[in-house]
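**Q** Quick one, start-v3.txt (compact mmCIF, C-alpha atoms (C1' of nucleotides)):
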```txt
# COMPACT_ATOMS: atom_id res chain seq x y z
CA MET N 18 143.94 103.20 123.14
CA ASP N 19 144.11 99.45 122.73
CA THR N 20 140.48 99.04 123.70
CA ALA N 21 139.54 101.73 121.19
CA LEU N 22 141.41 99.90 118.45
CA SER N 23 139.79 96.64 119.43
CA GLY N 24 136.39 98.31 119.22
CA ALA N 25 137.21 99.66 115.78
CA MET N 26 138.40 96.25 114.67
CA ASP N 27 135.22 94.69 115.93
CA VAL N 28 132.80 97.02 114.19
CA PHE N 29 134.70 97.21 110.90
CA TRP N 30 135.11 93.44 110.92
CA ARG N 31 131.40 92.93 111.39
CA GLN N 32 130.02 95.70 109.18
CA GLY N 33 132.75 96.61 106.75
CA TYR N 34 134.12 100.05 105.99
CA GLN N 35 131.23 101.60 104.11
CA GLY N 36 128.70 99.84 106.29
CA THR N 37 130.00 101.59 109.41
CA ASN N 38 129.13 105.23 109.88
CA LEU N 39 130.95 107.56 112.18
CA PRO N 40 128.53 107.44 115.14
CA GLU N 41 128.70 103.63 115.15
CA LEU N 42 132.46 103.71 114.91
CA LEU N 43 132.76 106.22 117.74
CA GLY N 44 130.42 104.19 119.91
CA ALA N 45 132.41 101.03 119.30
CA MET N 46 135.67 102.81 120.10
CA GLY N 47 134.30 104.60 123.16
CA LEU N 48 135.38 107.96 121.80
CA THR N 49 133.69 111.17 120.80
CA ARG N 50 134.43 113.05 117.63
CA GLY N 51 136.91 115.37 119.28
CA SER N 52 139.19 112.72 120.62
CA PHE N 53 138.77 110.54 117.56
CA TYR N 54 140.00 113.20 115.16
CA LYS N 55 142.83 114.02 117.53
CA ALA N 56 144.04 110.41 117.33
CA PHE N 57 143.27 109.61 113.69
CA ASP N 58 143.33 111.54 110.47
CA ASP N 59 140.04 110.22 109.20
CA LYS N 60 137.82 107.17 108.98
CA GLU N 61 140.17 105.46 106.56
CA SER N 62 143.20 105.72 108.83
CA ALA N 63 141.13 104.22 111.65
CA TYR N 64 140.25 101.34 109.35
CA LEU N 65 143.91 100.75 108.53
CA ALA N 66 144.71 100.82 112.24
CA ALA N 67 141.92 98.31 112.81
CA LEU N 68 143.52 96.02 110.24
CA ASP N 69 146.81 96.29 112.12
CA GLN N 70 144.99 95.44 115.32
CA TYR N 71 143.54 92.36 113.64
CA ASP N 72 147.06 91.42 112.62
CA ARG N 73 148.30 91.76 116.20
CA ILE N 74 145.38 90.12 117.94
CA ILE N 75 143.76 87.59 115.65
CA VAL N 76 146.45 86.65 113.16
CA ASP N 77 149.07 86.44 115.91
CA LYS N 78 146.85 84.12 117.89
CA THR N 79 146.03 81.95 114.90
CA VAL N 80 149.65 81.67 113.84
CA ASP N 81 150.59 80.85 117.41
CA ASN N 82 147.90 78.18 117.72
CA LEU N 83 149.16 76.51 114.59
CA ALA N 84 152.78 76.73 115.69
CA ARG N 85 152.04 75.30 119.13
CA CYS N 86 149.86 72.46 117.93
CA ARG N 87 151.52 69.26 119.04
CA ASP N 88 148.97 66.87 117.65
CA PRO N 89 150.78 64.38 115.44
CA ASP N 90 148.15 64.70 112.74
CA ALA N 91 148.68 67.71 110.45
CA ALA N 92 145.02 67.74 109.40
CA THR N 93 143.90 68.02 113.02
CA CYS N 94 146.15 71.01 113.54
CA LEU N 95 144.97 72.72 110.36
CA SER N 96 141.33 72.09 111.18
CA LEU N 97 141.79 74.76 113.85
CA LEU N 98 141.47 77.24 111.00
CA PHE N 99 138.03 75.99 110.09
CA GLU N 100 136.38 75.33 113.40
CA GLY N 101 135.69 78.99 113.92
CA SER N 102 135.28 80.05 117.52
CA GLY N 103 132.65 82.71 117.22
CA ASP N 104 130.06 84.20 114.94
CA PRO N 105 130.48 82.80 111.43
CA THR N 106 128.62 85.74 109.90
CA ARG N 107 131.57 88.00 110.71
CA GLY N 108 133.77 85.92 108.48
CA CYS N 109 137.43 86.83 108.35
CA PHE N 110 138.43 90.47 108.43
CA ILE N 111 141.21 89.87 105.90
CA CYS N 112 138.76 88.32 103.46
CA ASN N 113 136.21 91.06 104.06
CA ALA N 114 138.82 93.76 103.45
CA MET N 115 140.04 92.10 100.26
CA VAL N 116 136.56 91.82 98.83
CA GLU N 117 135.29 95.23 99.84
CA LEU N 118 138.28 97.52 99.49
CA ALA N 119 141.38 95.92 98.01
CA PRO N 120 140.63 96.88 94.40
CA PHE N 121 140.26 100.54 95.33
CA ASN N 122 142.80 100.95 98.11
CA PRO N 123 146.37 99.72 97.64
CA GLN N 124 147.18 100.14 101.33
CA VAL N 125 144.34 97.82 102.27
CA ALA N 126 145.42 95.38 99.57
CA ASP N 127 149.00 95.38 100.89
CA LYS N 128 148.05 94.83 104.50
CA ALA N 129 145.57 92.12 103.61
CA ASN N 130 148.13 90.37 101.45
CA GLN N 131 150.72 90.51 104.19
CA MET N 132 148.35 89.01 106.72
CA ALA N 133 147.30 86.30 104.29
CA ALA N 134 150.96 85.54 103.70
CA ARG N 135 151.48 85.14 107.45
CA LEU N 136 148.64 82.64 107.58
CA GLN N 137 150.03 80.78 104.60
CA GLN N 138 153.46 80.64 106.22
CA ALA N 139 151.98 79.22 109.40
CA ILE N 140 150.13 76.58 107.41
CA LEU N 141 153.31 75.73 105.60
CA GLN N 142 155.18 75.28 108.85
CA VAL N 143 152.59 72.82 110.06
CA LEU N 144 152.99 70.88 106.85
CA THR N 145 156.77 70.77 106.93
CA ARG N 146 156.81 69.90 110.62
CA HIS N 147 154.30 67.07 110.42
CA LYS N 148 155.02 65.83 106.92
CA PRO N 149 158.75 66.36 106.41
CA ASP N 150 158.85 64.05 103.43
CA LEU N 151 156.80 66.44 101.28
CA GLU N 152 158.73 67.99 98.43
CA SER N 153 159.14 71.64 99.43
CA GLY N 154 157.57 73.22 96.34
CA HIS N 155 154.63 70.92 96.69
CA ALA N 156 154.26 71.80 100.35
CA ALA N 157 154.15 75.52 99.56
CA ASP N 158 151.54 74.84 96.92
CA LEU N 159 149.49 72.79 99.32
CA ALA N 160 149.68 75.57 101.89
CA ASP N 161 148.34 78.01 99.31
CA VAL N 162 145.51 75.62 98.47
CA ILE N 163 144.57 75.36 102.13
CA LEU N 164 144.71 79.15 102.41
CA HIS N 165 142.28 79.38 99.50
CA LEU N 166 139.98 76.85 101.15
CA TYR N 167 140.09 78.95 104.30
CA PHE N 168 139.09 82.13 102.48
CA GLY N 169 136.37 80.33 100.59
CA HIS N 170 135.12 78.91 103.86
CA GLN N 171 134.97 82.36 105.41
CA ALA N 172 133.18 83.91 102.45
CA ILE N 173 130.63 81.14 102.02
CA GLY N 174 130.12 80.91 105.77
CA LYS N 175 128.63 84.40 105.81
CA ALA N 176 125.66 83.18 103.78
CA ARG N 177 125.43 79.46 104.43
CA ASN N 178 125.00 78.11 107.92
CA ARG N 179 125.45 74.44 107.18
CA LYS N 180 128.80 73.33 108.55
CA GLU N 181 131.16 70.98 106.79
CA ASP N 182 133.50 68.36 108.16
CA TRP N 183 136.76 70.07 107.38
CA LEU N 184 138.85 67.67 109.43
CA ALA N 185 137.85 64.80 107.16
CA ARG N 186 138.43 66.91 104.08
CA LEU N 187 141.88 67.95 105.22
CA ARG N 188 142.75 64.34 106.02
CA GLU N 189 141.73 63.41 102.50
CA LEU N 190 143.70 66.30 101.03
CA LEU N 191 146.88 65.37 102.88
CA ASN N 192 146.45 61.63 102.19
CA MET W 23 115.33 96.66 80.05
CA ASP W 24 117.87 93.91 79.64
CA THR W 25 120.64 96.40 78.94
CA ALA W 26 119.63 98.36 82.03
CA LEU W 27 119.83 95.22 84.14
CA SER W 28 123.19 94.35 82.65
CA GLY W 29 124.44 97.82 83.50
CA ALA W 30 123.21 97.45 87.06
CA MET W 31 124.87 94.05 87.31
CA ASP W 32 128.10 95.50 86.04
CA VAL W 33 128.33 98.41 88.42
CA PHE W 34 127.14 96.50 91.51
CA TRP W 35 129.50 93.66 90.67
CA ARG W 36 132.45 96.01 90.44
CA GLN W 37 131.67 98.40 93.28
CA GLY W 38 129.32 96.59 95.61
CA TYR W 39 125.99 97.79 96.94
CA GLN W 40 127.09 100.47 99.35
CA GLY W 41 129.93 101.52 97.09
CA THR W 42 127.52 102.45 94.31
CA ASN W 43 125.53 105.63 94.70
CA LEU W 44 122.39 106.42 92.79
CA PRO W 45 123.92 108.69 90.12
CA GLU W 46 126.48 105.99 89.28
CA LEU W 47 123.79 103.34 89.19
CA LEU W 48 121.55 105.46 86.95
CA GLY W 49 124.45 106.16 84.62
CA ALA W 50 125.31 102.49 84.35
CA MET W 51 121.69 101.60 83.67
CA GLY W 52 121.12 104.41 81.20
CA LEU W 53 118.13 105.66 83.16
CA THR W 54 117.16 108.83 84.94
CA ARG W 55 115.59 108.92 88.35
CA GLY W 56 112.07 109.12 87.04
CA SER W 57 112.21 105.99 84.96
CA PHE W 58 114.31 104.16 87.53
CA TYR W 59 111.79 104.58 90.32
CA LYS W 60 108.99 103.61 87.96
CA ALA W 61 110.71 100.32 87.21
CA PHE W 62 112.13 99.51 90.66
CA ASP W 63 111.01 100.09 94.19
CA ASP W 64 114.36 101.24 95.43
CA LYS W 65 118.09 100.68 95.20
CA GLU W 66 117.85 97.36 96.99
CA SER W 67 115.33 95.88 94.57
CA ALA W 68 117.60 96.91 91.70
CA TYR W 69 120.45 95.08 93.41
CA LEU W 70 118.37 91.94 93.76
CA ALA W 71 117.42 92.21 90.09
CA ALA W 72 121.10 92.57 89.25
CA LEU W 73 121.82 89.36 91.14
CA ASP W 74 119.15 87.61 89.08
CA GLN W 75 120.74 89.00 85.94
CA TYR W 76 124.08 87.56 87.06
CA ASP W 77 122.37 84.24 87.55
CA ARG W 78 120.92 84.34 84.03
CA ILE W 79 123.99 85.65 82.24
CA ILE W 80 127.11 84.59 84.08
CA VAL W 81 126.10 81.54 86.08
CA ASP W 82 124.17 80.12 83.13
CA LYS W 83 127.20 80.52 80.90
CA THR W 84 129.55 78.99 83.45
CA VAL W 85 127.30 76.03 84.08
CA ASP W 86 126.91 75.56 80.37
CA ASN W 87 130.65 75.72 79.74
CA LEU W 88 131.22 73.03 82.34
CA ALA W 89 128.42 70.88 80.99
CA ARG W 90 129.65 71.15 77.41
CA CYS W 91 133.30 70.50 78.18
CA ARG W 92 134.26 67.37 76.28
CA ASP W 93 137.87 67.27 77.38
CA PRO W 94 138.52 63.84 78.85
CA ASP W 95 140.41 65.34 81.77
CA ALA W 96 138.12 66.53 84.57
CA ALA W 97 140.79 68.90 85.91
CA THR W 98 141.05 70.64 82.54
CA CYS W 99 137.30 71.20 82.48
CA LEU W 100 137.22 72.52 86.03
CA SER W 101 140.14 74.82 85.42
CA LEU W 102 137.71 76.87 83.33
CA LEU W 103 136.45 78.18 86.65
CA PHE W 104 139.83 79.56 87.58
CA GLU W 105 141.15 80.97 84.36
CA GLY W 106 138.99 84.02 84.69
CA SER W 107 138.25 85.80 81.46
CA GLY W 108 138.24 89.40 82.52
CA ASP W 109 139.23 91.77 85.26
CA PRO W 110 140.22 89.78 88.35
CA THR W 111 139.60 92.76 90.63
CA ARG W 112 135.87 92.38 90.04
CA GLY W 113 135.97 88.96 91.58
CA CYS W 114 132.77 86.98 91.58
CA PHE W 115 129.47 88.77 92.18
CA ILE W 116 128.17 85.88 94.28
CA CYS W 117 131.20 86.03 96.54
CA ASN W 118 131.02 89.82 96.76
CA ALA W 119 127.34 89.68 97.68
CA MET W 120 127.92 87.01 100.33
CA VAL W 121 130.71 88.98 101.97
CA GLU W 122 129.11 92.40 101.81
CA LEU W 123 125.43 91.77 102.37
CA ALA W 124 124.50 88.19 103.20
CA PRO W 125 124.68 88.63 107.00
CA PHE W 126 122.28 91.56 106.89
CA ASN W 127 119.95 90.65 104.04
CA PRO W 128 118.33 87.20 103.93
CA GLN W 129 117.14 87.69 100.35
CA VAL W 130 120.69 88.32 99.21
CA ALA W 131 121.89 85.34 101.23
CA ASP W 132 119.26 83.10 99.63
CA LYS W 133 119.98 84.14 96.08
CA ALA W 134 123.71 83.85 96.60
CA ASN W 135 123.35 80.41 98.12
CA GLN W 136 121.17 79.25 95.25
CA MET W 137 123.68 80.44 92.67
CA ALA W 138 126.54 78.84 94.57
CA ALA W 139 124.54 75.61 94.67
CA ARG W 140 124.14 75.77 90.89
CA LEU W 141 127.88 76.09 90.48
CA GLN W 142 128.48 73.24 92.88
CA GLN W 143 126.02 71.07 90.97
CA ALA W 144 127.78 71.82 87.70
CA ILE W 145 131.11 70.90 89.25
CA LEU W 146 129.63 67.70 90.57
CA GLN W 147 128.34 66.76 87.13
CA VAL W 148 131.81 67.17 85.67
CA LEU W 149 133.17 64.90 88.36
CA THR W 150 130.56 62.18 87.94
CA ARG W 151 130.81 62.33 84.17
CA HIS W 152 134.60 62.14 83.98
CA LYS W 153 135.27 60.06 87.05
CA PRO W 154 132.32 57.69 87.35
CA ASP W 155 134.14 55.42 89.77
CA LEU W 156 134.09 58.04 92.53
CA GLU W 157 131.90 57.12 95.47
CA SER W 158 128.94 59.52 95.23
CA GLY W 159 129.22 61.05 98.70
CA HIS W 160 132.87 61.62 98.11
CA ALA W 161 132.20 63.27 94.76
CA ALA W 162 129.73 65.70 96.32
CA ASP W 163 132.27 66.51 98.99
CA LEU W 164 134.95 67.08 96.39
CA ALA W 165 132.63 69.38 94.45
CA ASP W 166 132.09 71.43 97.60
CA VAL W 167 135.84 71.60 98.17
CA ILE W 168 136.36 72.87 94.62
CA LEU W 169 133.58 75.42 95.13
CA HIS W 170 135.37 76.66 98.22
CA LEU W 171 138.64 76.90 96.29
CA TYR W 172 136.80 78.91 93.64
CA PHE W 173 135.42 81.39 96.17
CA GLY W 174 138.78 81.68 97.87
CA HIS W 175 140.37 82.29 94.50
CA GLN W 176 137.91 85.07 93.71
CA ALA W 177 138.34 86.75 97.09
CA ILE W 178 142.14 86.58 97.15
CA GLY W 179 142.33 87.56 93.51
CA LYS W 180 140.91 90.98 94.32
CA ALA W 181 144.03 91.82 96.31
CA ARG W 182 146.76 89.59 94.92
CA ASN W 183 147.69 89.68 91.27
CA ARG W 184 150.04 86.72 91.21
CA LYS W 185 148.35 83.91 89.35
CA GLU W 186 148.50 80.29 90.35
CA ASP W 187 148.58 77.15 88.25
CA TRP W 188 145.15 75.84 89.08
CA LEU W 189 145.18 73.19 86.42
CA ALA W 190 148.09 71.47 88.11
CA ARG W 191 146.48 71.85 91.50
CA LEU W 192 143.21 70.38 90.32
CA ARG W 193 145.05 67.48 88.71
CA GLU W 194 146.74 66.82 92.02
CA LEU W 195 143.45 67.09 93.89
CA LEU W 196 141.70 64.62 91.64
CA ASN W 197 144.69 62.25 91.57
C1' DG K 21 149.85 124.06 144.11
C1' DG K 22 150.02 126.53 139.62
C1' DG K 23 150.71 127.00 134.89
C1' DA K 24 150.86 124.60 130.51
C1' DT K 25 149.38 121.08 127.65
C1' DT K 26 146.38 117.60 126.35
C1' DA K 27 142.03 115.17 126.06
C1' DG K 28 136.83 115.38 125.93
C1' DG K 29 132.33 116.93 124.34
C1' DA K 30 128.60 119.37 121.99
C1' DA K 31 127.18 122.46 118.50
C1' DC K 32 127.96 123.27 113.84
C1' DC K 33 128.82 122.77 108.63
C1' DA K 34 128.90 121.69 103.84
C1' DA K 35 128.43 117.99 100.84
C1' DA K 36 126.26 113.92 99.43
C1' DT K 37 122.61 110.64 100.13
C1' DA K 38 118.21 108.10 98.64
C1' DG K 39 113.78 109.08 97.41
C1' DT K 40 109.58 112.26 95.69
C1' DA K 41 106.78 115.50 92.97
C1' DC K 42 105.57 117.31 89.04
C1' DA K 43 105.95 119.20 84.53
C1' DA K 44 107.39 118.27 79.81
C1' DA K 45 107.57 115.23 76.13
C1' DA K 46 106.90 111.16 73.47
C1' DC K 47 103.60 108.01 72.11
C1' DA K 48 99.33 105.61 71.31
C1' DA K 49 94.72 105.33 69.39
C1' DA K 50 90.79 107.55 67.28
C1' DT P 18 94.94 116.65 64.46
C1' DT P 19 93.24 115.56 69.01
C1' DT P 20 92.90 113.22 72.97
C1' DG P 21 94.47 110.39 76.73
C1' DT P 22 98.29 107.80 78.65
C1' DT P 23 102.77 106.61 79.66
C1' DT P 24 107.43 107.59 79.84
C1' DT P 25 111.29 110.77 80.76
C1' DG P 26 113.81 114.54 82.85
C1' DT P 27 114.43 118.06 86.41
C1' DA P 28 113.90 120.47 90.49
C1' DC P 29 113.33 119.68 95.22
C1' DT P 30 113.56 117.74 100.08
C1' DA P 31 114.62 115.69 104.28
C1' DT P 32 118.18 113.11 106.17
C1' DT P 33 122.60 111.39 106.81
C1' DT P 34 127.31 111.65 105.79
C1' DG P 35 132.29 112.65 107.30
C1' DG P 36 134.74 116.34 109.17
C1' DT P 37 135.71 121.04 111.89
C1' DT P 38 135.50 124.33 115.64
C1' DC P 39 135.83 125.84 119.93
C1' DC P 40 135.22 125.75 124.69
C1' DT P 41 135.60 123.16 129.00
C1' DA P 42 137.72 119.75 131.98
C1' DA P 43 141.19 116.89 133.24
C1' DT P 44 146.06 115.74 133.57
C1' DC P 45 150.79 116.35 133.89
C1' DC P 46 155.22 118.45 135.01
C1' DC P 47 157.97 121.56 137.51
```
Take the structure from the file and write it as C-alpha cells.
**A**
Amino acid sequence: MDTALSGAMDVFWRQGYQGTNLPELLGAMGLTRGSFYKAFDDKESAYLAALDQYDRIIVDKTVDNLARCRDPDAATCLSLLFEGSGDPTRGCFICNAMVELAPFNPQVADKANQMAARLQQAILQVLTRHKPDLESGHAADLADVILHLYFGHQAIGKARNRKEDWLARLRELLN
Amino acid sequence: MDTALSGAMDVFWRQGYQGTNLPELLGAMGLTRGSFYKAFDDKESAYLAALDQYDRIIVDKTVDNLARCRDPDAATCLSLLFEGSGDPTRGCFICNAMVELAPFNPQVADKANQMAARLQQAILQVLTRHKPDLESGHAADLADVILHLYFGHQAIGKARNRKEDWLARLRELLN
DNA sequence: GGGATTAGGAACCAAATAGTACAAAACAAA
DNA sequence: TTTGTTTTGTACTATTTGGTTCCTAATCCC
C-alpha cells in the first residue's frame, strides 16, 4: 500500500493530475484497475492520497532537516530548501498542485495550504532559533518571504536550468 | 483575429492547456472547428500563439507600467507587480505555463523564459533608475530575487486568499 | 484442511477527446 | 448576375478517457 502511494505521488508529482492517465497511474502504483478501484473511489481520491503521501514523506523530511540543522548560520540551514536533491523539472508537488488544481478543487487547495504552512513554520523556527533577536512579527514575515522565494524557485526551475547562488542571497536577506 | 487570440489567452490562462478542451477553446475564441483548423495547426499551436498574445498584451503593459513609474520610491513602483488587478486565482500565465508544460515542451519553456527575462529586465531598470548606487551585479541579483518572489506570489495566490503587504516587504528588502 | 472473504486481472462500456471531410454560404471580381 | 474563391458550420471518425463488471486466484480464519 505504501509503495503504491509512493508510486502515485511520484507520477502525479512529475506529470500533474490531468497529465497522468489511468494506465500510467496504475503502472506507477503497481496495481490493476480492479484493485485500484477497490482501494480508491476514483482518480481524484488517489491524487489526494498522493498529496498526503507527499506530506508524510517529503514535507516531513524537509521539516526535519531544517529542525535538525545545527549549523550556526541560519542562511546555510535555509539553503537546504534550494539545493534540490533530484530532478529540478519535477519542481515541488505543493506548488504544482496549487497552480494546476487549487482554483478548481478546494480540497487540493486546503491540503496544499496546510503543507505550505508546515514549511513556513519550519523556516520560522530556524529563524527564531538562529536569530533570536529578531522581532517576532518580522520573523514571521521573513519566513513567508522565504517561502515565496522557495515556490518561485520551484516554478522557475521547471523551465530554467541555470542555477542561482541561493546561499549568498539568503545571507544577504538575513543581513 | 486579435479577439480570437485574446480569447484563447484568457481560457488557457485560466484553465491551463490540458484543462481546456476544444469546445471550450472554440467558444472562447469565437470560432468553429472549420475556421480554427484553417488558422492553426492544432491545439498546441493555438496555445503557443496565446503565449505570444500574453507577451504582447500583459507583459508589454507590465513592463511599461514599471518603466513609466515616476514614484521616487523603488519599492512603490515594484509593488505594482504584486497588487494584482484582477482574479488572483488565474495567477500568472507565464508561471502556469512553466509549471504545467515547460518540462515537456521546449517551445513553451523558451517562450516562458523569454517573458520572465523581460520582467526581470524591467525590474532591474527600476532598481538602477531609483537606486543608482547599487553595485550592478548586486542589482541584477536583487531583480532576480524579486522575480522569484513574484512567481511565488502568483503560485501561492492561486490557493491562498490572504493578502500580504508586499510594499512593506519590498521596502525592507531594498533597505 | 475447508469455507468465506478479499484481492487480482482482463474484457467491456459509454462518454469525451482532438482532428478531418465536405457541403453550404458569404464574398470577391468581372 | 455569374463565376471562382475563401470562409464557416456540421457531420463524422478513430482513439483515448475514466470507470464497471465479473470471474478467477489467493489469503485468511476457524
**Q** So, counting only C-alpha atoms, which residue among N:Lys78, N:Cys109, N:Ala176, N:Ala160 is closest to Leu190 in chain N?
**A**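 With only C-alpha atoms as the atom set, the closest residue is N:Ala160.
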**Q** Kindly indicate which residue among N:Asn38, N:Asn178, N:Pro120, N:Gly44 lies nearest to Gly113 in chain W, using all atoms listed in the file for the distances.
**A**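 Distance minimum relative to Gly113 in chain W lands on N:Pro120.
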**Q** Please superimpose chain N on chain W using every C-alpha atom, paired by order, in a least-squares fit, and write the moved chain as a compact mmCIF listing (two decimals) with C-alpha atoms, in the frame of the given file.
**A**
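Resulting contents of out-v9.txt:
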```
# COMPACT_ATOMS: atom_id res chain seq x y z
CA MET N 18 115.35 96.63 80.06
CA ASP N 19 117.91 93.87 79.66
CA THR N 20 120.67 96.35 78.94
CA ALA N 21 119.66 98.32 82.03
CA LEU N 22 119.87 95.18 84.16
CA SER N 23 123.22 94.31 82.66
CA GLY N 24 124.46 97.80 83.51
CA ALA N 25 123.24 97.42 87.07
CA MET N 26 124.89 94.03 87.33
CA ASP N 27 128.12 95.47 86.06
CA VAL N 28 128.34 98.39 88.45
CA PHE N 29 127.16 96.50 91.53
CA TRP N 30 129.52 93.65 90.69
CA ARG N 31 132.45 96.02 90.45
CA GLN N 32 131.67 98.40 93.30
CA GLY N 33 129.32 96.59 95.62
CA TYR N 34 126.00 97.80 96.96
CA GLN N 35 127.11 100.50 99.37
CA GLY N 36 129.94 101.54 97.10
CA THR N 37 127.52 102.47 94.31
CA ASN N 38 125.53 105.65 94.69
CA LEU N 39 122.41 106.43 92.78
CA PRO N 40 123.94 108.67 90.09
CA GLU N 41 126.50 105.97 89.27
CA LEU N 42 123.81 103.33 89.19
CA LEU N 43 121.58 105.41 86.93
CA GLY N 44 124.47 106.13 84.60
CA ALA N 45 125.35 102.46 84.35
CA MET N 46 121.72 101.54 83.66
CA GLY N 47 121.16 104.36 81.18
CA LEU N 48 118.15 105.60 83.11
CA THR N 49 117.18 108.76 84.91
CA ARG N 50 115.61 108.85 88.32
CA GLY N 51 112.08 109.03 86.99
CA SER N 52 112.22 105.90 84.93
CA PHE N 53 114.32 104.08 87.48
CA TYR N 54 111.79 104.51 90.27
CA LYS N 55 109.01 103.58 87.89
CA ALA N 56 110.72 100.23 87.22
CA PHE N 57 112.15 99.47 90.66
CA ASP N 58 111.03 100.06 94.20
CA ASP N 59 114.39 101.21 95.45
CA LYS N 60 118.12 100.66 95.22
CA GLU N 61 117.88 97.34 97.01
CA SER N 62 115.36 95.86 94.59
CA ALA N 63 117.63 96.89 91.71
CA TYR N 64 120.48 95.07 93.42
CA LEU N 65 118.38 91.92 93.77
CA ALA N 66 117.44 92.18 90.11
CA ALA N 67 121.13 92.56 89.27
CA LEU N 68 121.84 89.34 91.15
CA ASP N 69 119.16 87.61 89.09
CA GLN N 70 120.76 88.98 85.95
CA TYR N 71 124.10 87.56 87.07
CA ASP N 72 122.37 84.23 87.56
CA ARG N 73 120.94 84.34 84.04
CA ILE N 74 124.00 85.64 82.25
CA ILE N 75 127.12 84.59 84.09
CA VAL N 76 126.11 81.53 86.09
CA ASP N 77 124.16 80.12 83.13
CA LYS N 78 127.19 80.52 80.91
CA THR N 79 129.56 79.00 83.44
CA VAL N 80 127.29 76.04 84.10
CA ASP N 81 126.89 75.57 80.37
CA ASN N 82 130.64 75.72 79.74
CA LEU N 83 131.21 73.04 82.33
CA ALA N 84 128.40 70.87 80.99
CA ARG N 85 129.63 71.14 77.40
CA CYS N 86 133.27 70.50 78.17
CA ARG N 87 134.25 67.39 76.27
CA ASP N 88 137.85 67.27 77.35
CA PRO N 89 138.52 63.84 78.82
CA ASP N 90 140.39 65.35 81.74
CA ALA N 91 138.10 66.54 84.56
CA ALA N 92 140.75 68.91 85.91
CA THR N 93 141.03 70.65 82.54
CA CYS N 94 137.29 71.21 82.46
CA LEU N 95 137.20 72.53 86.02
CA SER N 96 140.14 74.84 85.41
CA LEU N 97 137.70 76.88 83.33
CA LEU N 98 136.43 78.20 86.65
CA PHE N 99 139.81 79.58 87.58
CA GLU N 100 141.15 80.98 84.36
CA GLY N 101 139.02 84.06 84.68
CA SER N 102 138.24 85.83 81.44
CA GLY N 103 138.25 89.42 82.52
CA ASP N 104 139.23 91.78 85.28
CA PRO N 105 140.23 89.80 88.36
CA THR N 106 139.60 92.78 90.63
CA ARG N 107 135.86 92.41 90.06
CA GLY N 108 135.97 88.98 91.60
CA CYS N 109 132.76 86.99 91.60
CA PHE N 110 129.49 88.78 92.20
CA ILE N 111 128.17 85.88 94.29
CA CYS N 112 131.21 86.05 96.56
CA ASN N 113 131.02 89.83 96.77
CA ALA N 114 127.34 89.69 97.70
CA MET N 115 127.93 87.04 100.35
CA VAL N 116 130.70 89.00 101.99
CA GLU N 117 129.11 92.42 101.84
CA LEU N 118 125.42 91.80 102.39
CA ALA N 119 124.49 88.22 103.23
CA PRO N 120 124.66 88.64 107.01
CA PHE N 121 122.27 91.58 106.91
CA ASN N 122 119.94 90.66 104.06
CA PRO N 123 118.33 87.21 103.95
CA GLN N 124 117.14 87.70 100.37
CA VAL N 125 120.69 88.32 99.22
CA ALA N 126 121.89 85.34 101.24
CA ASP N 127 119.25 83.09 99.64
CA LYS N 128 119.99 84.15 96.09
CA ALA N 129 123.72 83.86 96.61
CA ASN N 130 123.34 80.42 98.12
CA GLN N 131 121.17 79.27 95.26
CA MET N 132 123.67 80.45 92.69
CA ALA N 133 126.53 78.84 94.58
CA ALA N 134 124.54 75.62 94.67
CA ARG N 135 124.13 75.77 90.89
CA LEU N 136 127.88 76.10 90.49
CA GLN N 137 128.47 73.23 92.88
CA GLN N 138 126.00 71.07 90.97
CA ALA N 139 127.77 71.81 87.71
CA ILE N 140 131.10 70.90 89.25
CA LEU N 141 129.62 67.71 90.56
CA GLN N 142 128.33 66.77 87.13
CA VAL N 143 131.78 67.17 85.67
CA LEU N 144 133.15 64.90 88.35
CA THR N 145 130.55 62.18 87.92
CA ARG N 146 130.81 62.34 84.14
CA HIS N 147 134.59 62.14 83.96
CA LYS N 148 135.26 60.06 87.05
CA PRO N 149 132.31 57.69 87.33
CA ASP N 150 134.12 55.43 89.74
CA LEU N 151 134.08 58.04 92.51
CA GLU N 152 131.88 57.14 95.44
CA SER N 153 128.93 59.54 95.20
CA GLY N 154 129.20 61.07 98.68
CA HIS N 155 132.86 61.65 98.11
CA ALA N 156 132.18 63.27 94.76
CA ALA N 157 129.71 65.71 96.32
CA ASP N 158 132.26 66.53 98.98
CA LEU N 159 134.94 67.08 96.39
CA ALA N 160 132.62 69.38 94.45
CA ASP N 161 132.07 71.44 97.60
CA VAL N 162 135.82 71.63 98.16
CA ILE N 163 136.35 72.88 94.62
CA LEU N 164 133.56 75.41 95.13
CA HIS N 165 135.37 76.67 98.23
CA LEU N 166 138.62 76.92 96.29
CA TYR N 167 136.79 78.92 93.66
CA PHE N 168 135.42 81.41 96.18
CA GLY N 169 138.77 81.70 97.89
CA HIS N 170 140.36 82.30 94.51
CA GLN N 171 137.90 85.08 93.74
CA ALA N 172 138.33 86.77 97.10
CA ILE N 173 142.12 86.59 97.17
CA GLY N 174 142.31 87.58 93.51
CA LYS N 175 140.90 91.01 94.33
CA ALA N 176 144.03 91.84 96.32
CA ARG N 177 146.75 89.62 94.92
CA ASN N 178 147.70 89.73 91.28
CA ARG N 179 150.03 86.77 91.19
CA LYS N 180 148.33 83.95 89.33
CA GLU N 181 148.47 80.32 90.34
CA ASP N 182 148.55 77.18 88.25
CA TRP N 183 145.11 75.89 89.09
CA LEU N 184 145.15 73.21 86.40
CA ALA N 185 148.07 71.49 88.10
CA ARG N 186 146.45 71.87 91.49
CA LEU N 187 143.19 70.39 90.30
CA ARG N 188 145.04 67.50 88.69
CA GLU N 189 146.73 66.84 92.01
CA LEU N 190 143.43 67.11 93.87
CA LEU N 191 141.68 64.63 91.60
CA ASN N 192 144.68 62.25 91.52
```
**Q** Residues of chain K within 12 Å of chain W, counting all atoms listed in the file - could you list those as a list of chain:residue names?
**A**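 Contact residues on the first chain: K:DA36, K:DT37, K:DA38, K:DG39, K:DT40, K:DA41, K:DC42.
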**Q** Please, which residues of chain P lie no more than 9 Å from chain W when the count uses all atoms listed in the file, and can they be set out as a list in words?
**A**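 Interface list for chain P against chain W: DT24, DT25 and DG26 of chain P.
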**Q** I want to know what sits within 10 Å of DT25 in chain K, based on all atoms listed in the file, with residues of the same chain fewer than 3 positions away left out; could you give that as a PDB file with C-alpha atoms (C1' of nucleotides), in the coordinates of the input?
**A**
```
ATOM      1  C1'  DT P  44     146.060 115.740 133.570  1.00  0.00           C
ATOM      2  C1'  DC P  45     150.790 116.350 133.890  1.00  0.00           C
ATOM      3  C1'  DC P  46     155.220 118.450 135.010  1.00  0.00           C
TER       4       DC P  46
END
```
